[in-house]
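A quick write-up on the structure given underneath.
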Amino acid sequence: MMKVRSGQIMDEATHAALASGRAEPGLGLFVDSLMAMRGISDLAAEAIAGAALECEDSTELPPHALDMVFAAIERGPQPTTKRSLRYPELSGLPAALVDAIATAERGRGWKAATRGVSQLQLNLSGRARTEIIRIEAGTAVPRHSHKGQELTLCLVGGYSDGRGAYGPGDVSIADPSVRHQPKADDDGACFVLAVSDAGFKIAILDWFR
Amino acid sequence: MVGSGSSEGRLAGEVLAQEDRVRFADLLVAVATTQDRAAFSELFNYYAPRVKSYLMRLGSDNAQAEEISQDVMVTVWRKASLFDRLQASVSTWIFRIARNRRIDVFRRTKKPDLDPEETMLLPSGVEAPDARVDAMETEARVRAAMKDLPSEQLQLLQLSFYEGLSHREIAEKLDLPLGTVKSRIRMAFSKMKSRLDEE
């Protein structure tokens, strides 16, 4: 497990892969969350895409398209002004993350993994596995290794694994050579965002090498 | 016909004027706070045909692009309360929804692989000096910088940041050496960044 404090500036290819959606959506969410938690904005890259949308041709839609949209809006749930999450301490996280958590809670929801540990798998597309893991205060996750590479962003609370201590905004990376037993701090539950490639290789993880 | 009238499917339209971006943000806030249908209709009339073009540019057929663009607009209505004008313009916000929806739909048919040669770096841990600058200002500066770029550099940025082509794919599409594509994109993006850092 390697703790990553900070790194180089992203290159243009990375900015573009994340902004355009070519990169794994799980990694996009990971980087957005990380940057939001560290107070970094990467609006410029996405604003290029937003401005491009303004320059886009206007392709005609059928005349009834708007009515169909209003009909779909009436069939479905009305706009939610407040998302109530199962764990209120998560509601202060970056908006995209809160939204993904709220959506996942309405779907499969939290699943118990081992004693004191539960997981919420986020329903993102792409091949990476993206989940929120909650570790009860003072609980140790059973010693384990990793099938592939795994990136972890500490969201709330803290944990340590004998190699380092992690708090909100800290990133760590594990690969199959790592065997460890993370333990949540005693003063409260710890939540992390984990993105793993489950055996296949995502080039973006080479960031951290 | 998407991209007709331009040799490489360039984007021919113009960006919104500052006052229109402000007004669109007002309209979206009205959708969020009072479920204002007239405000939504106006946003629909501007964005739905553009989202449809975006989807067709990236390979959807007409029927699929229509269906997805309507889906995107339903999401715009439902998630309007999550829009924050200090974080992004309406265009950027809707682009993200369209981008994510497209990925959802296409996940089974196409796997967007990254070029193995692309090096990916961790975002800087250094806090931007003015990280809380109003998004309206950033969005305006990005547009101003885009206006000043030579058209071939602008096209490269759009292919890369909007259409999501890799540097290699762009080199093949435009029949340019890979190194030229890389250096031009780097130059264009750094011009943009320096514009954002200006006082």
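Quick note on naming: the chains in the structure tokens go A, B, ... in the order shown, residues restart at 1 in each chain, and ligands are numbered from 1 in order of appearance.
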Close residues, stretch 182-198 of chain B itself excluded, 8 Å, only C-alpha atoms, min 2 positions apart in chain, as a list in words: Glu12 and Ala44 of chain A; Thr138, Arg141, Val142, Ala145, Met146, Leu149, Gln153, Leu154, Leu156, Leu157, His167, Leu178, Gly179 and Thr180 of chain B
Using N, CA and C atoms, can you write the selected residues to a file as a tab-separated table (two decimals), in the first residue's frame?
```tsv
chain	number	residue	atom	x	y	z
A	12	GLU	N	-2.17	16.87	-20.71
A	12	GLU	CA	-3.38	17.19	-21.48
A	12	GLU	C	-4.19	15.95	-21.83
A	44	ALA	N	-11.54	23.90	-16.37
A	44	ALA	CA	-11.11	24.30	-17.72
A	44	ALA	C	-11.32	23.20	-18.75
B	138	THR	N	-14.33	31.55	-15.18
B	138	THR	CA	-13.51	30.53	-15.86
B	138	THR	C	-14.11	30.19	-17.22
B	141	ARG	N	-13.42	32.90	-19.69
B	141	ARG	CA	-12.02	32.94	-20.14
B	141	ARG	C	-11.70	31.80	-21.09
B	142	VAL	N	-12.27	30.62	-20.81
B	142	VAL	CA	-12.06	29.48	-21.71
B	142	VAL	C	-12.58	29.82	-23.11
B	145	ALA	N	-10.32	32.38	-24.80
B	145	ALA	CA	-9.08	31.76	-25.27
B	145	ALA	C	-9.33	30.91	-26.52
B	146	MET	N	-10.48	30.22	-26.54
B	146	MET	CA	-10.80	29.39	-27.71
B	146	MET	C	-10.94	30.26	-28.96
B	149	LEU	N	-7.57	31.04	-30.53
B	149	LEU	CA	-6.72	29.96	-31.04
B	149	LEU	C	-6.84	29.86	-32.56
B	153	GLN	N	-5.79	24.44	-34.06
B	153	GLN	CA	-5.59	24.10	-32.65
B	153	GLN	C	-6.93	23.92	-31.93
B	154	LEU	N	-7.89	24.78	-32.29
B	154	LEU	CA	-9.22	24.67	-31.70
B	154	LEU	C	-9.84	23.31	-32.05
B	156	LEU	N	-8.28	20.57	-32.71
B	156	LEU	CA	-7.61	19.52	-31.95
B	156	LEU	C	-8.15	19.43	-30.52
B	157	LEU	N	-8.36	20.60	-29.91
B	157	LEU	CA	-8.92	20.59	-28.55
B	157	LEU	C	-10.30	19.95	-28.54
B	167	HIS	N	-4.87	10.86	-28.81
B	167	HIS	CA	-3.94	11.57	-29.69
B	167	HIS	C	-3.66	10.75	-30.95
B	178	LEU	N	1.92	11.86	-35.13
B	178	LEU	CA	1.48	11.82	-33.74
B	178	LEU	C	2.15	12.93	-32.91
B	179	GLY	N	3.45	13.13	-33.15
B	179	GLY	CA	4.18	14.14	-32.39
B	179	GLY	C	3.63	15.54	-32.61
B	180	THR	N	3.19	15.81	-33.84
B	180	THR	CA	2.61	17.12	-34.15
B	180	THR	C	1.31	17.32	-33.38
```
Contacts of stretch 43-49 of chain B at 9 Å (only C-alpha atoms; same-chain gap of 3+ positions) as a list in words: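 Non-adjacent residues within range: Leu53, Glu54, Glu56, Asp57, Ser58, Thr59, Glu60, Leu61 and Leu66 of chain A; Phe24, Leu27, Leu28, Ala38, Ala39, Phe40, Lys52, Ser53, Tyr54, Glu66, Ser69, Gln70, Val72, Met73, Ser91 and Ile94 of chain B.
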Can you write out the residues you just picked, keeping N, CA and C atoms, as a compact mmCIF listing (two decimals), in the first residue's frame?
```txt
# COMPACT_ATOMS: atom_id res chain seq x y z
N LEU A 53 -20.13 22.12 -27.00
CA LEU A 53 -21.55 21.76 -27.14
C LEU A 53 -22.35 22.97 -27.65
N GLU A 54 -21.95 24.17 -27.21
CA GLU A 54 -22.64 25.38 -27.69
C GLU A 54 -22.41 25.58 -29.19
N GLU A 56 -22.10 23.27 -31.31
CA GLU A 56 -22.59 22.09 -32.02
C GLU A 56 -23.72 22.47 -32.97
N ASP A 57 -23.84 21.68 -34.04
CA ASP A 57 -24.98 21.87 -34.95
C ASP A 57 -26.26 21.61 -34.19
N SER A 58 -27.34 22.18 -34.69
CA SER A 58 -28.62 21.96 -34.06
C SER A 58 -29.39 20.97 -34.93
N THR A 59 -29.42 19.71 -34.49
CA THR A 59 -30.10 18.68 -35.28
C THR A 59 -31.56 18.60 -34.84
N GLU A 60 -32.42 18.65 -35.82
CA GLU A 60 -33.84 18.74 -35.52
C GLU A 60 -34.36 17.51 -34.76
N LEU A 61 -35.23 17.78 -33.79
CA LEU A 61 -35.93 16.72 -33.09
C LEU A 61 -37.37 16.73 -33.58
N LEU A 66 -40.54 17.50 -27.04
CA LEU A 66 -40.67 18.16 -25.73
C LEU A 66 -41.84 17.58 -24.94
N PHE B 24 -29.33 31.38 -18.95
CA PHE B 24 -29.59 29.93 -18.92
C PHE B 24 -29.41 29.39 -17.49
N LEU B 27 -32.51 30.19 -15.74
CA LEU B 27 -33.60 29.30 -16.15
C LEU B 27 -33.50 27.95 -15.45
N LEU B 28 -32.29 27.43 -15.36
CA LEU B 28 -32.13 26.11 -14.73
C LEU B 28 -32.44 26.19 -13.23
N ALA B 38 -41.85 26.65 -18.54
CA ALA B 38 -41.46 27.55 -19.64
C ALA B 38 -39.95 27.68 -19.68
N ALA B 39 -39.34 27.78 -18.51
CA ALA B 39 -37.88 27.87 -18.43
C ALA B 39 -37.26 26.60 -19.00
N PHE B 40 -37.84 25.46 -18.61
CA PHE B 40 -37.31 24.18 -19.09
C PHE B 40 -37.44 24.07 -20.61
N LYS B 52 -28.28 16.02 -29.32
CA LYS B 52 -28.53 15.02 -30.38
C LYS B 52 -27.37 15.02 -31.38
N SER B 53 -26.91 16.18 -31.77
CA SER B 53 -25.79 16.26 -32.72
C SER B 53 -24.52 15.67 -32.13
N TYR B 54 -24.29 15.97 -30.85
CA TYR B 54 -23.12 15.41 -30.16
C TYR B 54 -23.16 13.88 -30.23
N GLU B 66 -31.97 10.56 -30.75
CA GLU B 66 -33.20 11.22 -30.30
C GLU B 66 -33.61 10.70 -28.93
N SER B 69 -31.08 11.84 -26.24
CA SER B 69 -31.11 13.27 -25.93
C SER B 69 -32.37 13.61 -25.11
N GLN B 70 -33.46 12.89 -25.37
CA GLN B 70 -34.65 13.10 -24.54
C GLN B 70 -34.41 12.62 -23.11
N VAL B 72 -31.57 12.57 -21.62
CA VAL B 72 -30.68 13.55 -21.01
C VAL B 72 -31.50 14.72 -20.48
N MET B 73 -32.49 15.17 -21.27
CA MET B 73 -33.28 16.32 -20.83
C MET B 73 -34.18 15.97 -19.64
N SER B 91 -24.08 24.71 -19.89
CA SER B 91 -23.58 23.90 -21.01
C SER B 91 -22.64 22.80 -20.53
N ILE B 94 -24.69 20.19 -18.56
CA ILE B 94 -25.48 19.31 -19.43
C ILE B 94 -24.56 18.40 -20.24
```
Selection near stretch 70-79 of chain A, 10 Å with only C-alpha atoms, sequence-local residues under 2 positions removed, as a PyMOL selection string: (chain A and resi 65-68+81-82) or (chain B and resi 31-33+35+37+40-41+70-71+73-82)
Please produce an output containing N, CA and C atoms for each residue in the selection, written as a compact mmCIF listing (two decimals), in the first residue's frame.
```txt
# COMPACT_ATOMS: atom_id res chain seq x y z
N ALA A 65 -41.17 16.05 -29.40
CA ALA A 65 -40.11 15.61 -28.48
C ALA A 65 -40.25 16.22 -27.08
N LEU A 66 -40.54 17.50 -27.04
CA LEU A 66 -40.67 18.16 -25.73
C LEU A 66 -41.84 17.58 -24.94
N ASP A 67 -42.97 17.32 -25.63
CA ASP A 67 -44.13 16.73 -24.94
C ASP A 67 -43.77 15.36 -24.38
N MET A 68 -43.00 14.60 -25.16
CA MET A 68 -42.60 13.27 -24.68
C MET A 68 -41.73 13.38 -23.44
N THR A 81 -35.20 17.67 -3.86
CA THR A 81 -34.43 18.83 -3.43
C THR A 81 -33.39 18.41 -2.41
N LYS A 82 -33.68 17.41 -1.64
CA LYS A 82 -32.74 16.94 -0.62
C LYS A 82 -32.55 15.45 -0.78
N VAL B 31 -36.09 26.02 -12.92
CA VAL B 31 -36.57 24.64 -13.04
C VAL B 31 -36.43 23.94 -11.69
N ALA B 32 -35.29 24.17 -11.03
CA ALA B 32 -35.03 23.50 -9.76
C ALA B 32 -35.96 24.00 -8.65
N THR B 33 -36.17 25.31 -8.60
CA THR B 33 -36.87 25.86 -7.43
C THR B 33 -38.39 25.89 -7.63
N GLN B 35 -40.05 24.36 -10.54
CA GLN B 35 -40.47 23.44 -11.60
C GLN B 35 -41.07 24.21 -12.78
N ARG B 37 -41.90 25.20 -16.16
CA ARG B 37 -41.92 24.49 -17.44
C ARG B 37 -41.51 25.37 -18.62
N PHE B 40 -37.84 25.46 -18.61
CA PHE B 40 -37.31 24.18 -19.09
C PHE B 40 -37.44 24.07 -20.61
N SER B 41 -38.58 24.52 -21.15
CA SER B 41 -38.81 24.44 -22.60
C SER B 41 -37.74 25.21 -23.36
N GLN B 70 -33.46 12.89 -25.37
CA GLN B 70 -34.65 13.10 -24.54
C GLN B 70 -34.41 12.62 -23.11
N ASP B 71 -33.77 11.47 -22.98
CA ASP B 71 -33.37 10.97 -21.65
C ASP B 71 -32.53 11.99 -20.90
N MET B 73 -32.49 15.17 -21.27
CA MET B 73 -33.28 16.32 -20.83
C MET B 73 -34.18 15.97 -19.64
N VAL B 74 -34.64 14.72 -19.57
CA VAL B 74 -35.40 14.29 -18.38
C VAL B 74 -34.49 14.37 -17.14
N THR B 75 -33.24 13.93 -17.32
CA THR B 75 -32.28 14.00 -16.21
C THR B 75 -31.99 15.45 -15.83
N VAL B 76 -31.93 16.33 -16.81
CA VAL B 76 -31.72 17.75 -16.52
C VAL B 76 -32.84 18.25 -15.59
N TRP B 77 -34.06 17.87 -15.89
CA TRP B 77 -35.20 18.27 -15.03
C TRP B 77 -35.05 17.70 -13.63
N ARG B 78 -34.78 16.40 -13.56
CA ARG B 78 -34.74 15.72 -12.26
C ARG B 78 -33.57 16.16 -11.39
N LYS B 79 -32.44 16.47 -12.04
CA LYS B 79 -31.25 16.80 -11.24
C LYS B 79 -30.98 18.29 -11.17
N ALA B 80 -31.95 19.08 -11.62
CA ALA B 80 -31.73 20.54 -11.68
C ALA B 80 -31.28 21.10 -10.33
N SER B 81 -31.77 20.50 -9.24
CA SER B 81 -31.41 21.04 -7.92
C SER B 81 -29.93 20.82 -7.60
N LEU B 82 -29.28 19.94 -8.33
CA LEU B 82 -27.85 19.70 -8.08
C LEU B 82 -26.97 20.69 -8.85
```
Atom CA of B:Arg23 to atom CA of A:Gly50, distance in Å rounded to a single decimal: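 For atom CA of B:Arg23 relative to atom CA of A:Gly50, the distance reads 15.9 Å.
Summary of the local environment: counting only C-alpha atoms, residues at most 9 Å from A:Gln119, other than itself and those fewer than 2 positions away along its chain, are Gly109, Trp110, Lys111, Ala112, Ala113, Val117, Gln121, Glu131, Ile132, Ile133, Arg134 and Ile135 of chain A.
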Got time to write the residues from that selection, N, CA and C atoms, as a JSON list (two decimals), in the first residue's frame?
```json
[["chain", "number", "residue", "atom", "x", "y", "z"],
["A", 109, "GLY", "N", -28.11, -1.08, -2.67],
["A", 109, "GLY", "CA", -27.92, -0.70, -1.28],
["A", 109, "GLY", "C", -26.68, -1.28, -0.64],
["A", 110, "TRP", "N", -26.53, -0.99, 0.64],
["A", 110, "TRP", "CA", -25.36, -1.44, 1.38],
["A", 110, "TRP", "C", -25.43, -2.93, 1.65],
["A", 111, "LYS", "N", -24.31, -3.60, 1.50],
["A", 111, "LYS", "CA", -24.25, -5.04, 1.78],
["A", 111, "LYS", "C", -23.17, -5.28, 2.84],
["A", 112, "ALA", "N", -23.51, -6.11, 3.82],
["A", 112, "ALA", "CA", -22.50, -6.45, 4.83],
["A", 112, "ALA", "C", -21.42, -7.30, 4.18],
["A", 113, "ALA", "N", -20.18, -7.01, 4.48],
["A", 113, "ALA", "CA", -19.09, -7.80, 3.90],
["A", 113, "ALA", "C", -18.54, -8.73, 4.97],
["A", 117, "VAL", "N", -17.87, -4.31, 8.57],
["A", 117, "VAL", "CA", -17.49, -3.74, 7.27],
["A", 117, "VAL", "C", -18.66, -3.92, 6.30],
["A", 121, "GLN", "N", -21.89, -0.79, -3.65],
["A", 121, "GLN", "CA", -21.33, -0.76, -5.01],
["A", 121, "GLN", "C", -22.03, 0.33, -5.82],
["A", 131, "GLU", "N", -16.70, 1.32, -5.50],
["A", 131, "GLU", "CA", -17.57, 1.13, -4.33],
["A", 131, "GLU", "C", -17.15, 2.03, -3.17],
["A", 132, "ILE", "N", -18.13, 2.25, -2.30],
["A", 132, "ILE", "CA", -17.85, 2.91, -1.03],
["A", 132, "ILE", "C", -17.75, 1.80, 0.01],
["A", 133, "ILE", "N", -16.73, 1.86, 0.84],
["A", 133, "ILE", "CA", -16.58, 0.87, 1.90],
["A", 133, "ILE", "C", -16.67, 1.59, 3.24],
["A", 134, "ARG", "N", -17.48, 1.04, 4.13],
["A", 134, "ARG", "CA", -17.62, 1.61, 5.47],
["A", 134, "ARG", "C", -17.02, 0.64, 6.48],
["A", 135, "ILE", "N", -16.15, 1.16, 7.30],
["A", 135, "ILE", "CA", -15.53, 0.34, 8.34],
["A", 135, "ILE", "C", -15.91, 0.95, 9.69]]
```
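Interatomic distance, atom CA of B:Leu16 to atom CA of B:Leu58: 22.5 Å.
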Running DSSP on the backbone, which parts of stretch 13-145 of chain A land in helix (DSSP H, G or I), as a short mmCIF file (atom, residue, chain, number, x, y, z; two decimals) with N, CA, C and O atoms, in the first residue's frame?
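Output saved as selection08.cif:
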```cif
data_model
loop_
_atom_site.label_atom_id
_atom_site.label_comp_id
_atom_site.auth_asym_id
_atom_site.auth_seq_id
_atom_site.Cartn_x
_atom_site.Cartn_y
_atom_site.Cartn_z
N ALA A 13 -3.47 14.84 -22.07
CA ALA A 13 -4.17 13.61 -22.45
C ALA A 13 -5.07 13.13 -21.31
O ALA A 13 -6.18 12.66 -21.53
N THR A 14 -4.57 13.30 -20.08
CA THR A 14 -5.36 12.87 -18.93
C THR A 14 -6.57 13.78 -18.73
O THR A 14 -7.69 13.32 -18.52
N HIS A 15 -6.32 15.10 -18.82
CA HIS A 15 -7.44 16.05 -18.73
C HIS A 15 -8.51 15.69 -19.74
O HIS A 15 -9.70 15.66 -19.43
N ALA A 16 -8.07 15.42 -20.98
CA ALA A 16 -9.03 15.16 -22.05
C ALA A 16 -9.76 13.84 -21.85
O ALA A 16 -10.96 13.76 -22.08
N ALA A 17 -9.02 12.82 -21.41
CA ALA A 17 -9.65 11.51 -21.20
C ALA A 17 -10.73 11.60 -20.12
O ALA A 17 -11.81 11.01 -20.25
N LEU A 18 -10.47 12.37 -19.08
CA LEU A 18 -11.44 12.51 -18.00
C LEU A 18 -12.60 13.40 -18.42
O LEU A 18 -13.76 13.10 -18.15
N ALA A 19 -12.31 14.52 -19.10
CA ALA A 19 -13.36 15.46 -19.47
C ALA A 19 -14.30 14.85 -20.51
O ALA A 19 -15.52 14.98 -20.42
N SER A 20 -13.74 14.17 -21.48
CA SER A 20 -14.58 13.66 -22.58
C SER A 20 -15.29 12.36 -22.22
O SER A 20 -16.20 11.95 -22.92
N PRO A 25 -15.35 5.58 -16.09
CA PRO A 25 -16.17 6.48 -15.28
C PRO A 25 -15.83 6.43 -13.78
O PRO A 25 -15.88 7.45 -13.11
N GLY A 26 -15.46 5.25 -13.30
CA GLY A 26 -15.09 5.14 -11.89
C GLY A 26 -13.88 6.00 -11.56
O GLY A 26 -13.81 6.62 -10.50
N LEU A 27 -12.95 6.05 -12.49
CA LEU A 27 -11.76 6.88 -12.27
C LEU A 27 -12.10 8.35 -12.39
O LEU A 27 -11.54 9.18 -11.68
N GLY A 28 -13.03 8.66 -13.29
CA GLY A 28 -13.48 10.05 -13.41
C GLY A 28 -14.07 10.52 -12.08
O GLY A 28 -13.75 11.60 -11.58
N LEU A 29 -14.92 9.68 -11.49
CA LEU A 29 -15.54 10.03 -10.21
C LEU A 29 -14.46 10.14 -9.13
O LEU A 29 -14.50 11.03 -8.28
N PHE A 30 -13.51 9.23 -9.17
CA PHE A 30 -12.42 9.23 -8.19
C PHE A 30 -11.64 10.54 -8.25
O PHE A 30 -11.40 11.21 -7.25
N VAL A 31 -11.25 10.91 -9.47
CA VAL A 31 -10.44 12.12 -9.62
C VAL A 31 -11.26 13.38 -9.29
O VAL A 31 -10.78 14.29 -8.62
N ASP A 32 -12.52 13.41 -9.75
CA ASP A 32 -13.38 14.55 -9.42
C ASP A 32 -13.49 14.71 -7.90
O ASP A 32 -13.42 15.82 -7.36
N SER A 33 -13.70 13.59 -7.22
CA SER A 33 -13.87 13.63 -5.77
C SER A 33 -12.59 14.09 -5.08
O SER A 33 -12.61 14.93 -4.19
N LEU A 34 -11.49 13.52 -5.54
CA LEU A 34 -10.20 13.88 -4.97
C LEU A 34 -9.93 15.37 -5.14
O LEU A 34 -9.52 16.06 -4.20
N MET A 35 -10.17 15.87 -6.34
CA MET A 35 -9.87 17.27 -6.59
C MET A 35 -10.80 18.18 -5.80
O MET A 35 -10.38 19.19 -5.25
N ALA A 36 -12.07 17.78 -5.71
CA ALA A 36 -13.01 18.60 -4.93
C ALA A 36 -12.60 18.63 -3.46
O ALA A 36 -12.63 19.67 -2.82
N MET A 37 -12.17 17.48 -2.94
CA MET A 37 -11.79 17.43 -1.53
C MET A 37 -10.51 18.22 -1.26
O MET A 37 -10.29 18.71 -0.17
N LEU A 43 -12.12 22.75 -13.92
CA LEU A 43 -13.23 23.17 -14.76
C LEU A 43 -12.78 23.42 -16.20
O LEU A 43 -13.52 23.16 -17.14
N ALA A 44 -11.54 23.90 -16.37
CA ALA A 44 -11.11 24.30 -17.72
C ALA A 44 -11.32 23.20 -18.75
O ALA A 44 -11.85 23.43 -19.83
N ALA A 45 -10.92 21.96 -18.40
CA ALA A 45 -11.02 20.86 -19.36
C ALA A 45 -12.47 20.59 -19.74
O ALA A 45 -12.80 20.42 -20.91
N GLU A 46 -13.35 20.56 -18.74
CA GLU A 46 -14.75 20.28 -19.04
C GLU A 46 -15.42 21.48 -19.69
O GLU A 46 -16.36 21.32 -20.47
N ALA A 47 -14.94 22.69 -19.37
CA ALA A 47 -15.53 23.88 -20.00
C ALA A 47 -15.25 23.91 -21.50
O ALA A 47 -16.04 24.44 -22.27
N ILE A 48 -14.12 23.32 -21.91
CA ILE A 48 -13.84 23.22 -23.35
C ILE A 48 -14.95 22.39 -24.01
O ILE A 48 -15.49 22.75 -25.06
N ALA A 49 -15.30 21.29 -23.35
CA ALA A 49 -16.35 20.43 -23.89
C ALA A 49 -17.71 21.14 -23.84
O ALA A 49 -18.51 21.03 -24.77
N GLY A 50 -17.96 21.86 -22.74
CA GLY A 50 -19.23 22.59 -22.62
C GLY A 50 -19.36 23.66 -23.70
O GLY A 50 -20.43 23.83 -24.30
N ALA A 51 -18.26 24.36 -23.96
CA ALA A 51 -18.27 25.40 -25.00
C ALA A 51 -18.44 24.75 -26.37
O ALA A 51 -19.12 25.29 -27.25
N ALA A 52 -17.84 23.57 -26.55
CA ALA A 52 -17.98 22.87 -27.84
C ALA A 52 -19.44 22.48 -28.08
O ALA A 52 -19.93 22.55 -29.20
N LEU A 53 -20.13 22.12 -27.00
CA LEU A 53 -21.55 21.76 -27.14
C LEU A 53 -22.35 22.97 -27.65
O LEU A 53 -23.28 22.82 -28.44
N GLU A 54 -21.95 24.17 -27.21
CA GLU A 54 -22.64 25.38 -27.69
C GLU A 54 -22.41 25.58 -29.19
O GLU A 54 -23.27 26.11 -29.89
N ALA A 65 -41.17 16.05 -29.40
CA ALA A 65 -40.11 15.61 -28.48
C ALA A 65 -40.25 16.22 -27.08
O ALA A 65 -40.11 15.52 -26.07
N LEU A 66 -40.54 17.50 -27.04
CA LEU A 66 -40.67 18.16 -25.73
C LEU A 66 -41.84 17.58 -24.94
O LEU A 66 -41.72 17.34 -23.73
N ASP A 67 -42.97 17.32 -25.63
CA ASP A 67 -44.13 16.73 -24.94
C ASP A 67 -43.77 15.36 -24.38
O ASP A 67 -44.20 14.99 -23.28
N MET A 68 -43.00 14.60 -25.16
CA MET A 68 -42.60 13.27 -24.68
C MET A 68 -41.73 13.38 -23.44
O MET A 68 -41.84 12.57 -22.52
N VAL A 69 -40.88 14.39 -23.42
CA VAL A 69 -40.02 14.59 -22.25
C VAL A 69 -40.87 14.96 -21.04
O VAL A 69 -40.70 14.43 -19.94
N PHE A 70 -41.84 15.88 -21.24
CA PHE A 70 -42.71 16.24 -20.11
C PHE A 70 -43.51 15.02 -19.62
O PHE A 70 -43.70 14.84 -18.42
N ALA A 71 -43.94 14.18 -20.56
CA ALA A 71 -44.67 12.97 -20.17
C ALA A 71 -43.78 12.04 -19.35
O ALA A 71 -44.21 11.49 -18.33
N ALA A 72 -42.53 11.89 -19.77
CA ALA A 72 -41.59 11.03 -19.03
C ALA A 72 -41.32 11.62 -17.65
O ALA A 72 -41.20 10.89 -16.66
N ILE A 73 -41.24 12.94 -17.58
CA ILE A 73 -41.00 13.60 -16.30
C ILE A 73 -42.17 13.31 -15.35
O ILE A 73 -41.98 13.03 -14.16
N GLU A 74 -43.41 13.32 -15.89
CA GLU A 74 -44.57 13.09 -15.02
C GLU A 74 -44.70 11.65 -14.58
O GLU A 74 -45.18 11.38 -13.49
N ARG A 75 -44.25 10.75 -15.44
CA ARG A 75 -44.30 9.33 -15.06
C ARG A 75 -43.32 9.01 -13.94
O ARG A 75 -43.58 8.17 -13.11
N PRO A 88 -25.53 10.16 7.37
CA PRO A 88 -25.56 11.61 7.13
C PRO A 88 -24.17 12.23 7.01
O PRO A 88 -24.01 13.26 6.35
N GLU A 89 -23.15 11.59 7.59
CA GLU A 89 -21.80 12.18 7.50
C GLU A 89 -21.28 12.20 6.06
O GLU A 89 -20.30 12.86 5.76
N LEU A 90 -21.95 11.46 5.17
CA LEU A 90 -21.51 11.46 3.77
C LEU A 90 -22.11 12.61 2.97
O LEU A 90 -21.71 12.86 1.84
N ALA A 95 -20.64 16.83 -4.66
CA ALA A 95 -22.00 16.57 -5.15
C ALA A 95 -22.11 15.33 -6.03
O ALA A 95 -23.05 14.54 -5.89
N ALA A 96 -21.15 15.12 -6.92
CA ALA A 96 -21.24 13.98 -7.84
C ALA A 96 -21.19 12.67 -7.07
O ALA A 96 -21.85 11.69 -7.42
N LEU A 97 -20.42 12.68 -5.99
CA LEU A 97 -20.29 11.49 -5.17
C LEU A 97 -21.57 11.25 -4.37
O LEU A 97 -22.07 10.11 -4.29
N VAL A 98 -22.11 12.31 -3.80
CA VAL A 98 -23.37 12.20 -3.04
C VAL A 98 -24.46 11.65 -3.96
O VAL A 98 -25.24 10.76 -3.59
N ASP A 99 -24.48 12.14 -5.19
CA ASP A 99 -25.49 11.71 -6.15
C ASP A 99 -25.32 10.21 -6.46
O ASP A 99 -26.29 9.46 -6.49
N ALA A 100 -24.08 9.79 -6.67
CA ALA A 100 -23.83 8.38 -6.99
C ALA A 100 -24.19 7.49 -5.80
O ALA A 100 -24.74 6.39 -5.97
N ILE A 101 -23.92 7.99 -4.59
CA ILE A 101 -24.25 7.22 -3.39
C ILE A 101 -25.77 7.10 -3.24
O ILE A 101 -26.30 6.02 -3.00
N ALA A 102 -26.48 8.23 -3.43
CA ALA A 102 -27.94 8.22 -3.30
C ALA A 102 -28.56 7.26 -4.32
O ALA A 102 -29.48 6.51 -4.00
N THR A 103 -28.03 7.28 -5.53
CA THR A 103 -28.56 6.39 -6.58
C THR A 103 -28.32 4.92 -6.22
O THR A 103 -29.21 4.09 -6.35
N ALA A 104 -27.13 4.63 -5.74
CA ALA A 104 -26.80 3.24 -5.38
C ALA A 104 -27.61 2.77 -4.18
O ALA A 104 -27.99 1.60 -4.10
N GLU A 105 -27.91 3.68 -3.27
CA GLU A 105 -28.70 3.29 -2.09
C GLU A 105 -30.14 2.95 -2.48
O GLU A 105 -30.78 2.12 -1.85
N ARG A 106 -30.62 3.62 -3.54
CA ARG A 106 -31.98 3.29 -4.01
C ARG A 106 -31.97 1.97 -4.80
O ARG A 106 -33.00 1.38 -5.01
#
```
Å distance separating atom CA of A:Val141 from atom CA of A:Arg129, one decimal place: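 Computed distance, atom CA of A:Val141 to atom CA of A:Arg129, equals 18.6 Å.
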B:Gln87, B:Gln64, B:Thr92, B:Gln155 ranked by distance to chain A, top pick (using only C-alpha atoms): B:Thr92
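When only C-alpha atoms are used to measure the gap to A:Ile173, the shortest distance among A:Pro63, A:Asp187, A:Arg86, A:Gly148 belongs to A:Gly148.
Nearest-residue note for chain B: choosing from A:Arg115, A:Arg163, A:Lys183, A:Arg127, the minimum distance belongs to A:Arg127, counting only C-alpha atoms.
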Selected residue of minimal separation from chain A among B:Asp175, B:Asp104, B:Asp26, B:Asp148, counting only C-alpha atoms: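 Ranking B:Asp175, B:Asp104, B:Asp26, B:Asp148 by distance to chain A, first place goes to B:Asp104.
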Distance query A:Val156 at most 8 Å, only C-alpha atoms, self and fewer than 5 positions along chain excluded, as a list in words: Glu89, Leu90, Gly167, Pro168, Ala189, Cys190, Phe191 and Val192 of chain A
Filtered DSSP result for stretch 32-129 of chain A, state strand (DSSP E or B), as a PyMOL selection string: chain A and resi 111-114+117-121+129
Residue nearest chain A among B:Phe161, B:Arg10, B:Phe83, B:Met136 (counting only C-alpha atoms):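 Among B:Phe161, B:Arg10, B:Phe83, B:Met136, it is B:Phe161 that comes nearest to chain A.
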Env of B:Arg101: 8 Å cut, atoms = only C-alpha atoms, seq-sep filter 4 positions within chain, self excluded. Answer as a compact mmCIF listing (two decimals) with N, CA, C and O atoms, in the first residue's frame.
```txt
# COMPACT_ATOMS: atom_id res chain seq x y z
N ILE B 68 -31.76 9.16 -26.63
CA ILE B 68 -30.82 9.51 -25.55
C ILE B 68 -30.91 10.99 -25.23
O ILE B 68 -30.85 11.39 -24.07
N VAL B 72 -31.57 12.57 -21.62
CA VAL B 72 -30.68 13.55 -21.01
C VAL B 72 -31.50 14.72 -20.48
O VAL B 72 -31.29 15.18 -19.36
N ILE B 97 -23.84 15.39 -18.21
CA ILE B 97 -24.96 14.44 -18.17
C ILE B 97 -25.01 13.63 -19.46
O ILE B 97 -25.17 12.41 -19.45
N VAL B 105 -25.06 3.89 -22.08
CA VAL B 105 -25.73 3.20 -23.18
C VAL B 105 -24.74 2.35 -23.97
O VAL B 105 -25.06 1.26 -24.41
```
